[in-house]
>>> print(open('my_file-v8.cif').read())   # mmCIF, C-alpha atoms
data_input
loop_
_atom_site.group_PDB
_atom_site.id
_atom_site.type_symbol
_atom_site.label_atom_id
_atom_site.label_comp_id
_atom_site.auth_asym_id
_atom_site.auth_seq_id
_atom_site.Cartn_x
_atom_site.Cartn_y
_atom_site.Cartn_z
ATOM 1 C CA MET A 1 169.128 7.603 108.807
ATOM 2 C CA PHE A 2 167.020 6.021 106.075
ATOM 3 C CA ASP A 3 166.710 9.167 103.986
ATOM 4 C CA TYR A 4 164.195 8.896 101.141
ATOM 5 C CA ASN A 5 166.787 9.963 98.557
ATOM 6 C CA ALA A 6 169.235 7.138 99.291
ATOM 7 C CA GLU A 7 169.453 4.163 96.959
ATOM 8 C CA ARG A 8 167.941 0.957 98.314
ATOM 9 C CA TYR A 9 169.368 -2.464 97.559
ATOM 10 C CA MET A 10 168.857 -6.062 98.576
ATOM 11 C CA THR A 11 171.299 -8.926 98.561
ATOM 12 C CA ARG A 12 170.904 -11.705 96.023
ATOM 13 C CA ALA A 13 169.784 -14.042 98.836
ATOM 14 C CA ILE A 14 166.977 -11.644 99.835
ATOM 15 C CA ALA A 15 165.914 -11.242 96.199
ATOM 16 C CA GLU A 16 165.785 -15.006 95.742
ATOM 17 C CA GLU A 17 164.198 -16.020 99.058
ATOM 18 C CA ILE A 18 161.935 -13.164 100.164
ATOM 19 C CA PRO A 19 158.784 -12.412 98.166
ATOM 20 C CA LEU A 20 158.833 -8.889 96.741
ATOM 21 C CA GLU A 21 155.509 -8.128 98.454
ATOM 22 C CA VAL A 22 157.114 -8.819 101.851
ATOM 23 C CA ALA A 23 160.274 -6.807 101.063
ATOM 24 C CA LEU A 24 158.173 -3.824 99.983
ATOM 25 C CA HIS A 25 156.179 -4.025 103.227
ATOM 26 C CA LEU A 26 159.417 -3.847 105.228
ATOM 27 C CA TRP A 27 160.654 -0.750 103.357
ATOM 28 C CA SER A 28 157.179 0.739 103.837
ATOM 29 C CA LEU A 29 157.366 0.237 107.604
ATOM 30 C CA ILE A 30 160.658 2.148 107.656
ATOM 31 C CA ASN A 31 159.090 4.922 105.551
ATOM 32 C CA GLU A 32 156.123 5.168 107.936
ATOM 33 C CA GLN A 33 158.489 5.679 110.869
ATOM 34 C CA ARG A 34 160.301 8.454 108.973
ATOM 35 C CA VAL A 35 157.006 10.212 108.198
ATOM 36 C CA LYS A 36 156.098 10.070 111.905
ATOM 37 C CA GLY A 37 159.447 11.670 112.770
ATOM 38 C CA VAL A 38 160.724 8.619 114.663
ATOM 39 C CA GLU A 39 164.497 8.605 115.186
ATOM 40 C CA LEU A 40 165.846 5.590 113.318
ATOM 41 C CA ASP A 41 168.969 3.609 114.132
ATOM 42 C CA TYR A 42 171.315 2.643 111.286
ATOM 43 C CA ILE A 43 170.065 -0.953 111.577
ATOM 44 C CA GLN A 44 166.428 -1.969 111.521
ATOM 45 C CA VAL A 45 165.675 -5.558 112.524
ATOM 46 C CA PHE A 46 162.609 -7.401 111.277
ATOM 47 C CA GLU A 47 161.622 -10.763 112.754
ATOM 48 C CA LEU A 48 159.019 -12.372 110.511
ATOM 49 C CA SER A 49 156.759 -15.310 111.284
ATOM 50 C CA ALA A 50 153.691 -16.895 109.728
ATOM 51 C CA ASN A 51 150.449 -16.573 111.665
ATOM 52 C CA ASN A 52 147.172 -17.893 110.157
ATOM 53 C CA LYS A 53 148.209 -16.976 106.612
ATOM 54 C CA LYS A 54 149.177 -13.475 107.758
ATOM 55 C CA GLN A 55 152.669 -12.072 108.108
ATOM 56 C CA THR A 56 153.624 -11.219 111.676
ATOM 57 C CA ILE A 57 156.468 -8.717 111.946
ATOM 58 C CA ILE A 58 158.404 -7.557 114.986
ATOM 59 C CA HIS A 59 160.288 -4.406 113.966
ATOM 60 C CA ARG A 60 162.973 -3.275 116.387
ATOM 61 C CA GLN A 61 166.088 -1.195 116.781
ATOM 62 C CA GLU A 62 168.647 -0.681 119.533
ATOM 63 C CA VAL A 63 169.315 3.109 119.624
ATOM 64 C CA PRO A 64 166.990 4.515 120.692
ATOM 65 C CA LYS A 65 165.481 1.253 121.837
ATOM 66 C CA ARG A 66 162.149 0.686 120.126
ATOM 67 C CA GLU A 67 159.979 -2.256 119.135
ATOM 68 C CA SER A 68 156.773 -2.413 117.084
ATOM 69 C CA PHE A 69 154.515 -5.335 116.278
ATOM 70 C CA TRP A 70 152.621 -5.695 113.011
ATOM 71 C CA ILE A 71 150.281 -8.242 111.444
ATOM 72 C CA ILE A 72 149.978 -7.798 107.701
ATOM 73 C CA PRO A 73 147.652 -9.704 105.395
ATOM 74 C CA LEU A 74 149.462 -10.766 102.237
ATOM 75 C CA GLU A 75 147.679 -10.819 98.903
ATOM 76 C CA ASP A 76 149.800 -12.902 96.547
ATOM 77 C CA VAL A 77 152.309 -14.856 98.652
ATOM 78 C CA GLU A 78 152.515 -17.088 101.694
ATOM 79 C CA PRO A 79 153.931 -15.623 104.931
ATOM 80 C CA ILE A 80 157.496 -16.569 105.839
ATOM 81 C CA ASP A 81 159.637 -17.185 108.920
ATOM 82 C CA SER A 82 162.871 -15.220 108.795
ATOM 83 C CA THR A 83 164.981 -12.442 110.305
ATOM 84 C CA ILE A 84 165.939 -9.569 108.013
ATOM 85 C CA TRP A 85 168.107 -6.537 108.588
ATOM 86 C CA CYS A 86 167.933 -3.194 106.806
ATOM 87 C CA ILE A 87 171.141 -1.189 107.197
ATOM 88 C CA ASP A 88 171.775 2.451 106.296
ATOM 89 C CA ASN A 89 175.482 3.267 105.875
ATOM 90 C CA GLY A 90 174.832 6.954 105.182
ATOM 91 C CA GLU A 91 175.076 6.593 101.406
ATOM 92 C CA ASN A 92 172.715 3.738 100.598
ATOM 93 C CA GLN A 93 170.444 1.223 102.269
ATOM 94 C CA MET A 94 170.721 -2.559 102.139
ATOM 95 C CA MET A 95 168.259 -5.313 102.984
ATOM 96 C CA LEU A 96 170.025 -8.539 103.968
ATOM 97 C CA PHE A 97 169.937 -11.639 106.127
ATOM 98 C CA PRO A 98 172.000 -11.323 109.327
ATOM 99 C CA GLU A 99 174.203 -14.235 108.237
ATOM 100 C CA ASN A 100 175.211 -12.223 105.135
ATOM 101 C CA TYR A 101 176.546 -9.308 107.187
#
>>> encode(input="my_file-v8.cif", output="C-alpha cells")
Amino acid sequence: MFDYNAERYMTRAIAEEIPLEVALHLWSLINEQRVKGVELDYIQVFELSANNKKQTIIHRQEVPKRESFWIIPLEDVEPIDSTIWCIDNGENQMMLFPENY
C-alpha cells in the first residue's frame, strides 16, 4: 500500500480547505512510514488539531492497528482542526474528508 509510484490526488474540498503545507506534511508522514518498512493499511486516518500555533496530528490505521502522534510547527499557515483520510485503492491514492467518501 502507498507505493511511491502511484499517482496522488486530493478532492476539490481538500484542495480548497486544507493548506498545501499541511497536505504535504500528511503525505510526508505516510512516506516516512514506508521508508521505515511499516506495514500500511489501505486507509490512513489523520486527526488534526491546533495547539499553540502548531499542528497536532494523530495518525492511525486499523490493520495492523497503529497510532502515532506528531506536533509539527507550520511556517506559512495557521493550524487547523479536521479529520482527513488518505486511501490507496491499489492504483492511485486519494486525500479526502471522511464525509466525501
>>> resolve_selection(input="my_file-v8.cif", expression="the PyMOL selection byres ((chain A and resi 38) around 12)", output="list in words")
Met1, Phe2, Leu29, Ile30, Asn31, Glu32, Gln33, Arg34, Val35, Lys36, Gly37, Glu39, Leu40, Asp41, Gln61, Val63, Pro64, Lys65, Arg66, Glu67 and Ser68 of chain A
>>> resolve_selection(input="my_file-v8.cif", expression="the PyMOL selection byres ((chain A and resi 46) around 7)", output="VMD selection string")
chain A and resid 44 to 45 47 to 48 57 to 60 83 to 85
>>> resolve_selection(input="my_file-v8.cif", expression="the PyMOL selection byres ((chain A and resi 90) around 12)", output="NGL selection string")
:A and (1-8 or 41-43 or 87-89 or 91-94)
>>> closest_residue(input="my_file-v8.cif", among="A:Thr56, A:Arg12, A:Asn51, A:Ser28", to="Trp70 in chain A", atoms="all atoms listed in the file")
A:Thr56
>>> residues_around(input="my_file-v8.cif", residues="Glu78 in chain A", least_positions_apart="2", cutoff="12 Å", atoms="only C-alpha atoms", output="ChimeraX atom specification")
/A:18-22,48-56,72-76,80-81
>>> closest_residue(input="my_file-v8.cif", among="A:His25, A:Ile71, A:Glu99, A:Cys86", to="Ala13 in chain A", atoms="only C-alpha atoms")
A:Glu99
>>> atom_distance(input="my_file-v8.cif", atom1="CA of Pro79 in chain A", atom2="CA of Tyr101 in chain A")
23.6 Å
>>> build_atoms(input="my_file-v8.cif", residues="range 68-86 of chain A", atoms="N, CA, C and O atoms", output="compact mmCIF listing (two decimals), keeping the file's coordinate frame")
# COMPACT_ATOMS: atom_id res chain seq x y z
N SER A 68 158.15 -2.49 117.57
CA SER A 68 156.77 -2.41 117.08
C SER A 68 156.35 -3.79 116.61
O SER A 68 157.18 -4.60 116.18
N PHE A 69 155.07 -4.05 116.68
CA PHE A 69 154.51 -5.34 116.28
C PHE A 69 153.46 -5.10 115.21
O PHE A 69 152.61 -4.23 115.35
N TRP A 70 153.54 -5.86 114.13
CA TRP A 70 152.62 -5.70 113.01
C TRP A 70 152.08 -7.05 112.57
O TRP A 70 152.81 -8.04 112.59
N ILE A 71 150.84 -7.08 112.12
CA ILE A 71 150.28 -8.24 111.44
C ILE A 71 149.75 -7.74 110.12
O ILE A 71 148.92 -6.83 110.07
N ILE A 72 150.29 -8.29 109.04
CA ILE A 72 149.98 -7.80 107.70
C ILE A 72 149.38 -8.92 106.86
O ILE A 72 150.00 -9.98 106.71
N PRO A 73 148.19 -8.70 106.32
CA PRO A 73 147.65 -9.70 105.40
C PRO A 73 148.40 -9.61 104.07
O PRO A 73 148.68 -8.52 103.58
N LEU A 74 148.76 -10.74 103.52
CA LEU A 74 149.46 -10.77 102.24
C LEU A 74 148.48 -11.16 101.15
O LEU A 74 147.61 -12.00 101.36
N GLU A 75 148.62 -10.57 99.98
CA GLU A 75 147.68 -10.82 98.90
C GLU A 75 148.11 -11.94 97.97
O GLU A 75 147.29 -12.76 97.57
N ASP A 76 149.37 -11.98 97.60
CA ASP A 76 149.80 -12.90 96.55
C ASP A 76 150.81 -13.96 96.97
O ASP A 76 151.20 -14.79 96.16
N VAL A 77 151.27 -13.92 98.22
CA VAL A 77 152.31 -14.86 98.65
C VAL A 77 151.98 -15.41 100.04
O VAL A 77 151.17 -14.86 100.77
N GLU A 78 152.65 -16.49 100.37
CA GLU A 78 152.51 -17.09 101.69
C GLU A 78 153.44 -16.36 102.67
O GLU A 78 154.53 -15.94 102.29
N PRO A 79 153.05 -16.23 103.94
CA PRO A 79 153.93 -15.62 104.93
C PRO A 79 155.17 -16.49 105.15
O PRO A 79 155.16 -17.69 104.87
N ILE A 80 156.22 -15.88 105.66
CA ILE A 80 157.50 -16.57 105.84
C ILE A 80 157.99 -16.43 107.27
O ILE A 80 157.52 -15.57 108.02
N ASP A 81 158.94 -17.27 107.64
CA ASP A 81 159.64 -17.18 108.92
C ASP A 81 161.09 -16.82 108.61
O ASP A 81 161.77 -17.58 107.92
N SER A 82 161.52 -15.66 109.10
CA SER A 82 162.87 -15.22 108.80
C SER A 82 163.23 -14.00 109.64
O SER A 82 162.34 -13.34 110.20
N THR A 83 164.50 -13.69 109.72
CA THR A 83 164.98 -12.44 110.30
C THR A 83 165.70 -11.69 109.20
O THR A 83 166.53 -12.26 108.48
N ILE A 84 165.37 -10.40 109.07
CA ILE A 84 165.94 -9.57 108.01
C ILE A 84 166.43 -8.27 108.64
O ILE A 84 165.77 -7.70 109.51
N TRP A 85 167.57 -7.82 108.17
CA TRP A 85 168.11 -6.54 108.59
C TRP A 85 168.03 -5.56 107.43
O TRP A 85 168.25 -5.93 106.27
N CYS A 86 167.77 -4.29 107.76
CA CYS A 86 167.93 -3.19 106.81
C CYS A 86 168.96 -2.25 107.43
O CYS A 86 168.79 -1.81 108.57
